[in-house]
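Report on the structure given below.
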Amino acid sequence: MAQNVNKIKDHVELFHQPEYKELFANKKQFEGMPTAEKVKEVAEWTKSWEYREKNFAREALTVNPAKGCQPLGALLAAVGFEGTLPFVHGSQGCVSYFRTHLTRHFKEPVSAVSSSMTENAAVFGGLSNMVDGLQNAYALYKPKMIAVCTTCMAEVIGDDLGSFIGNARVDGVIPQDLPIPFAHTPSFVGSHVNGYDHMMKSILTTLANKKDTSNGKINFMPGFETYMGNLRELKKLIAALGVDGTILSDTEMYLDSPNLGEFSMYHEGTSLEDAADSCNAKATIALQAYTTTKTLAHMKKKWKQETLVHRPWGIKATDEFLMSLSKMTGNPIPKELEIERGRAVDAMTDTQAWLHGKTSAIFGDPDTVMGVLQFMLEMGVEPVHILVHNSNDEFEEEARELLASSPYGQQATVWGYKDLWHLRSLLFTEPVDFMIGNSYGKYLERDCEIPLIRIGYPIFDRHHLHRYSTIGYGGAINLLNWIANGILDALDRKTDIAGETDISFDLVR
Ligand code: SF4
């Protein structure tokens with residue numbers, strides 16, 4: 001099976017070579033696989049209502065979860081601040097997973113270090129790993145801030161981050177004034193959205209420099225934002241309204257960095273000075289609710305700030321966001337945004353016939369799902385299955401309220417805390433026209449023959465989608481583009497058999 005270096009076959013071609021075919025056949029025999037007929041019979045049964053009931057009776061087992069670990073979110077929050085190095089107190093394997101997960105989505109290097117805990121640390125505690133790790137990380141990478149979070153192992157043995165970091169300062173291995181926010185992020189509870197929230201709160205409370213007078217600014221918290229185009233869109237809207245604002249965790253340059261021929265470990269982000277001053281702002285607007293819950297509560301209670309949540313997906317929510325900004329600043333909404341709005345409405349009108357009345361499933365993080373729902377209901381799409389693994393009561397109530405407010409939301413069911421194997425049963429027993437979700441939905445697409453429109457996180461198997469926006473009027477056009485053209489692609493695939501189905505293989509759609 002030696003490869004010819006002048007003609008390397010990628011794995012798509014390679015595994016169809018006779019030697020591999022033989023190897024796979026032998027493997028099947030060796031493993032004592034059931035017959036093809038038996039496999040088919042069981043596969044068919046798993047599509048039935050009978051199997052769905054058994055599947056939904058499942059309690060202790062998760063199959064194909066639709067969520068990530070808490071530290072993953074903590075990393076994303078941290079890299080949006082100037083000169084910040086994420087430090088994961090735990091094993092190497094965990095932090096490798098977080099780095100690759102983010103890199104596979106953003107196609108950018110994501111730097112994070114770990115305290116490399118092994119069996120020793122699990123038994124005796126991770127103090128020396130933490131102290132040595134902080135010393136090495138600071139000496140090697142010269143960060144302006146180190147943001148520490150934990151993995152399951154450190155949490156199970158109960159390592160005390162605050163006192164460990166204090167010990168490192170007493171030992172003099174790191175400067176006394178180096179900011180080191182820390183967040184406990186055990187992954188046996190919550191998900192990446194909670195990890196984001198915990199780290200954001202820790203960074204802001206660590207840096208906060210409260211003064212007696214307001215700085216007159218407005219903070220904007222994007223949340224666990226994976227569309228870098230959204231940060232650009234947000235900045236554009238803020239500038240158009242003449243708002244003096246601070247984006248809290250501005251990941252745009254880190255996760256969509258220009259290639260200027262030189263590697264940089266740190267990129268521009270929210271300056272530590274602006275982050276420290278954010279407690280003196282007159283208000284904070286979060287663009288996601290469930291990734292910023294604790295941070296917003298802290299700002300409201302301790303900083304006495306006005307806090308709002310605006311999720312500007314679709315026309316109505318973008319209107320509300322802009323009107324809110326206009327009210328807060330006294331500045332009018334400029335003509336250029338009115339024109340943009342008109343373009344989005346025009347595009348939606350052009351395409352509505354293809355989407356109106358279509359049924360859909362959607363899975364993902366709570367805020368993404370809410371944003372997509374807002375847009376789909378505006379287009380007359382009828383959601384049927386809404387599945388959120390990292391759910392919570394507030395999200396479910398908000399989603400049900402939104403669905404109840406629209407004639408198109410009446411047949412929807414919100415499935416909280418369910419995984420993608422549950423969704424498979426739903427799609428087989430109650431099929432829909434298309435589904436929206438992340439790349440993991442491609443297995444459902446293949447299995448259930450229901451087109452997948454990739455919106456959410458992670459998107460590993462398509463390039464550059466994260467560079468676009470989903471918010472604002474520009475974002476509405478992008479959503480429309482992805483959904484409508486996904487439906488048309490599926491229609492072309494369904495009508496492309498010459499002499500059989502191609503009577504509807506139309507040039508004009
Ligand atoms: S679940 Fe825990 S142990 Fe597993 S990768 Fe996440 S943090 Fe590490």
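Naming works like this for the structure tokens: A, B, ... for the chains as they're shown, residue 1 at the start of each chain, ligands 1 onward in shown order.
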**OP:** Could you please extract the residues within 8 Å of ligand 1, counting only C-alpha atoms and all ligand atoms, and hand them back as a PyMOL selection string?
**Re:** chain A and resi 68-71+90-91+93-95+97-98+150-153+185-188
Subject >> alpha helix (DSSP H) per DSSP on the backbone: members of range 242-315 of chain A, as a PyMOL selection string >> reply: chain A and resi 252-255+272-277+293-301+314-315
Expected file contents, prior selection, C-alpha atoms, as a PDB file, in the first residue's frame:
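Output contents, as saved in again.pdb:
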ATOM      1  CA  GLU A 252     -12.479  39.765  15.035  1.00  0.00           C
ATOM      2  CA  MET A 253      -8.733  40.214  14.428  1.00  0.00           C
ATOM      3  CA  TYR A 254      -7.788  37.046  16.288  1.00  0.00           C
ATOM      4  CA  LEU A 255     -10.242  34.702  14.603  1.00  0.00           C
ATOM      5  CA  LEU A 272      -7.291  46.076  28.831  1.00  0.00           C
ATOM      6  CA  GLU A 273      -7.777  49.764  29.528  1.00  0.00           C
ATOM      7  CA  ASP A 274     -11.196  49.817  27.833  1.00  0.00           C
ATOM      8  CA  ALA A 275     -12.157  46.584  29.556  1.00  0.00           C
ATOM      9  CA  ALA A 276     -11.202  48.090  32.945  1.00  0.00           C
ATOM     10  CA  ASP A 277     -13.293  51.154  32.167  1.00  0.00           C
ATOM     11  CA  THR A 293     -26.425  35.699  31.936  1.00  0.00           C
ATOM     12  CA  LYS A 294     -24.113  35.852  34.953  1.00  0.00           C
ATOM     13  CA  THR A 295     -22.016  38.685  33.525  1.00  0.00           C
ATOM     14  CA  LEU A 296     -25.091  40.815  32.860  1.00  0.00           C
ATOM     15  CA  ALA A 297     -26.470  40.097  36.335  1.00  0.00           C
ATOM     16  CA  HIS A 298     -23.163  41.215  37.848  1.00  0.00           C
ATOM     17  CA  MET A 299     -23.100  44.432  35.807  1.00  0.00           C
ATOM     18  CA  LYS A 300     -26.615  45.255  36.828  1.00  0.00           C
ATOM     19  CA  LYS A 301     -26.217  44.471  40.515  1.00  0.00           C
ATOM     20  CA  GLY A 314     -33.939  39.467  10.991  1.00  0.00           C
ATOM     21  CA  ILE A 315     -35.687  42.730  10.227  1.00  0.00           C
TER      22      ILE A 315
END
**OP:** Select from range 417-490 of chain A everything DSSP, run on the backbone, classes as strand (DSSP E or B), then give the selection as a ChimeraX atom specification.
**Re:** /A:434-437,452-454
File of the preceding selection, C-alpha atoms, as an mmCIF file, in the first residue's frame:
data_model
loop_
_atom_site.group_PDB
_atom_site.id
_atom_site.type_symbol
_atom_site.label_atom_id
_atom_site.label_comp_id
_atom_site.auth_asym_id
_atom_site.auth_seq_id
_atom_site.Cartn_x
_atom_site.Cartn_y
_atom_site.Cartn_z
ATOM 1 C CA PHE A 434 -34.939 21.120 5.585
ATOM 2 C CA MET A 435 -32.925 21.487 8.751
ATOM 3 C CA ILE A 436 -30.600 24.141 10.099
ATOM 4 C CA GLY A 437 -27.627 23.354 12.293
ATOM 5 C CA LEU A 452 -28.868 20.624 5.922
ATOM 6 C CA ILE A 453 -28.312 24.380 5.889
ATOM 7 C CA ARG A 454 -25.145 25.057 7.861
#
Original post:
Which of these, A:Val63, A:Ala490, A:Ile450, A:Ala147, has the shortest distance to Leu178 in chain A once you count only C-alpha atoms?
Top reply: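 Counting only C-alpha atoms, the residue closest to Leu178 in chain A is A:Ala147.
If you look at CA of Tyr141 in chain A and CA of Gly80 in chain A, they are 16.8 Å away from each other.
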Report as a tab-separated table: every residue of range 53-91 of chain A with an atom at most 9 Å from range 110-123 of chain A, its closest pair of atoms, and their distance in Å to one decimal, counting only C-alpha atoms, with rows sorted by chain and ascending residue number.
residue	atom	partner	partner_atom	distance
A:Leu75	CA	A:Ala112	CA	7.7
A:Val79	CA	A:Val110	CA	8.3
A:Leu85	CA	A:Ala112	CA	6.2
A:Pro86	CA	A:Ala112	CA	4.9
A:Phe87	CA	A:Val113	CA	4.9
A:Val88	CA	A:Ser114	CA	4.5
A:His89	CA	A:Ser115	CA	5.0
A:Gly90	CA	A:Met117	CA	5.1
A:Ser91	CA	A:Met117	CA	4.6
**OP:** Tell me which protein, DNA and RNA residues are within 7 Å of Ser439 in chain A, counting only C-alpha atoms, leaving out same-chain ones fewer than 5 positions away, and put them as a PyMOL selection string.
**Re:** chain A and resi 454+458-461
For the residues in the current selection, export C-alpha atoms as a PDB file, in the first residue's frame.
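As a result, out_8.pdb now contains:
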ATOM      1  CA  ARG A 454     -25.145  25.057   7.861  1.00  0.00           C
ATOM      2  CA  PRO A 458     -19.027  24.366  14.670  1.00  0.00           C
ATOM      3  CA  ILE A 459     -18.866  24.402  10.895  1.00  0.00           C
ATOM      4  CA  PHE A 460     -15.900  22.209  10.059  1.00  0.00           C
ATOM      5  CA  ASP A 461     -16.733  20.959   6.603  1.00  0.00           C
TER       6      ASP A 461
END
Go through range 406-478 of chain A residue by residue and, counting only C-alpha atoms, keep those with an atom at most 12 Å from range 319-331 of chain A; for each kept residue give the shortest atom pair and its distance in Å to one decimal, ordered by chain and increasing number, as a tab-separated table.
residue	atom	partner	partner_atom	distance
A:Ile471	CA	A:Phe321	CA	10.5
A:Gly472	CA	A:Asp319	CA	8.6
A:Tyr473	CA	A:Asp319	CA	9.0
A:Ala476	CA	A:Asp319	CA	12.0
I need the residues from that last selection saved to file as a JSON list (two decimals), in the first residue's frame (with N, CA and C atoms), if you can.
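Saved the output as result.json:
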[["chain", "number", "residue", "atom", "x", "y", "z"],
["A", 471, "ILE", "N", -26.25, 38.95, 11.61],
["A", 471, "ILE", "CA", -27.05, 40.00, 12.27],
["A", 471, "ILE", "C", -27.17, 41.22, 11.37],
["A", 472, "GLY", "N", -28.11, 42.08, 11.74],
["A", 472, "GLY", "CA", -28.30, 43.31, 10.96],
["A", 472, "GLY", "C", -29.01, 43.00, 9.64],
["A", 473, "TYR", "N", -29.22, 44.02, 8.85],
["A", 473, "TYR", "CA", -29.92, 43.82, 7.56],
["A", 473, "TYR", "C", -29.03, 43.03, 6.60],
["A", 476, "ALA", "N", -29.33, 39.46, 7.44],
["A", 476, "ALA", "CA", -30.61, 38.87, 6.99],
["A", 476, "ALA", "C", -30.46, 38.38, 5.55]]
Original post:
When you draw a straight line from CA of Pro179 in chain A to CA of Phe106 in chain A, how long is it in Å?
Top reply: 27.2 Å
Original post:
Quick one: of A:Ile247, A:Leu426, A:Leu23, A:Ala154, who's nearest to Ala77 in chain A, counting only C-alpha atoms?
Top reply: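 Of A:Ile247, A:Leu426, A:Leu23, A:Ala154, the one nearest Ala77 in chain A is A:Ile247, counting only C-alpha atoms.
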**OP:** Considering only C-alpha atoms, state which residue in the set A:Phe81, A:Met265, A:Asp132, A:His422 is at the smallest distance from Arg58 in chain A.
**Re:**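 Under the stated criterion, the closest residue is A:His422.
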**OP:** Could you give me, as a PyMOL selection string, the residues within 10 Å of Val384 in chain A, counting only C-alpha atoms and dropping anything in the same chain fewer than 3 positions from it?
**Re:** chain A and resi 358-362+381+387+408-414+426-427+430-433+435
Original post:
What is the CA of Ser163 in chain A to CA of Met199 in chain A distance in Å?
Top reply: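 Taking CA of Ser163 in chain A and CA of Met199 in chain A, their separation equals 17.6 Å.
Take the candidates A:Leu102, A:Ile497, A:Leu231, A:Leu377 and check each one against Tyr468 in chain A using only C-alpha atoms; the shortest distance goes to A:Leu231.
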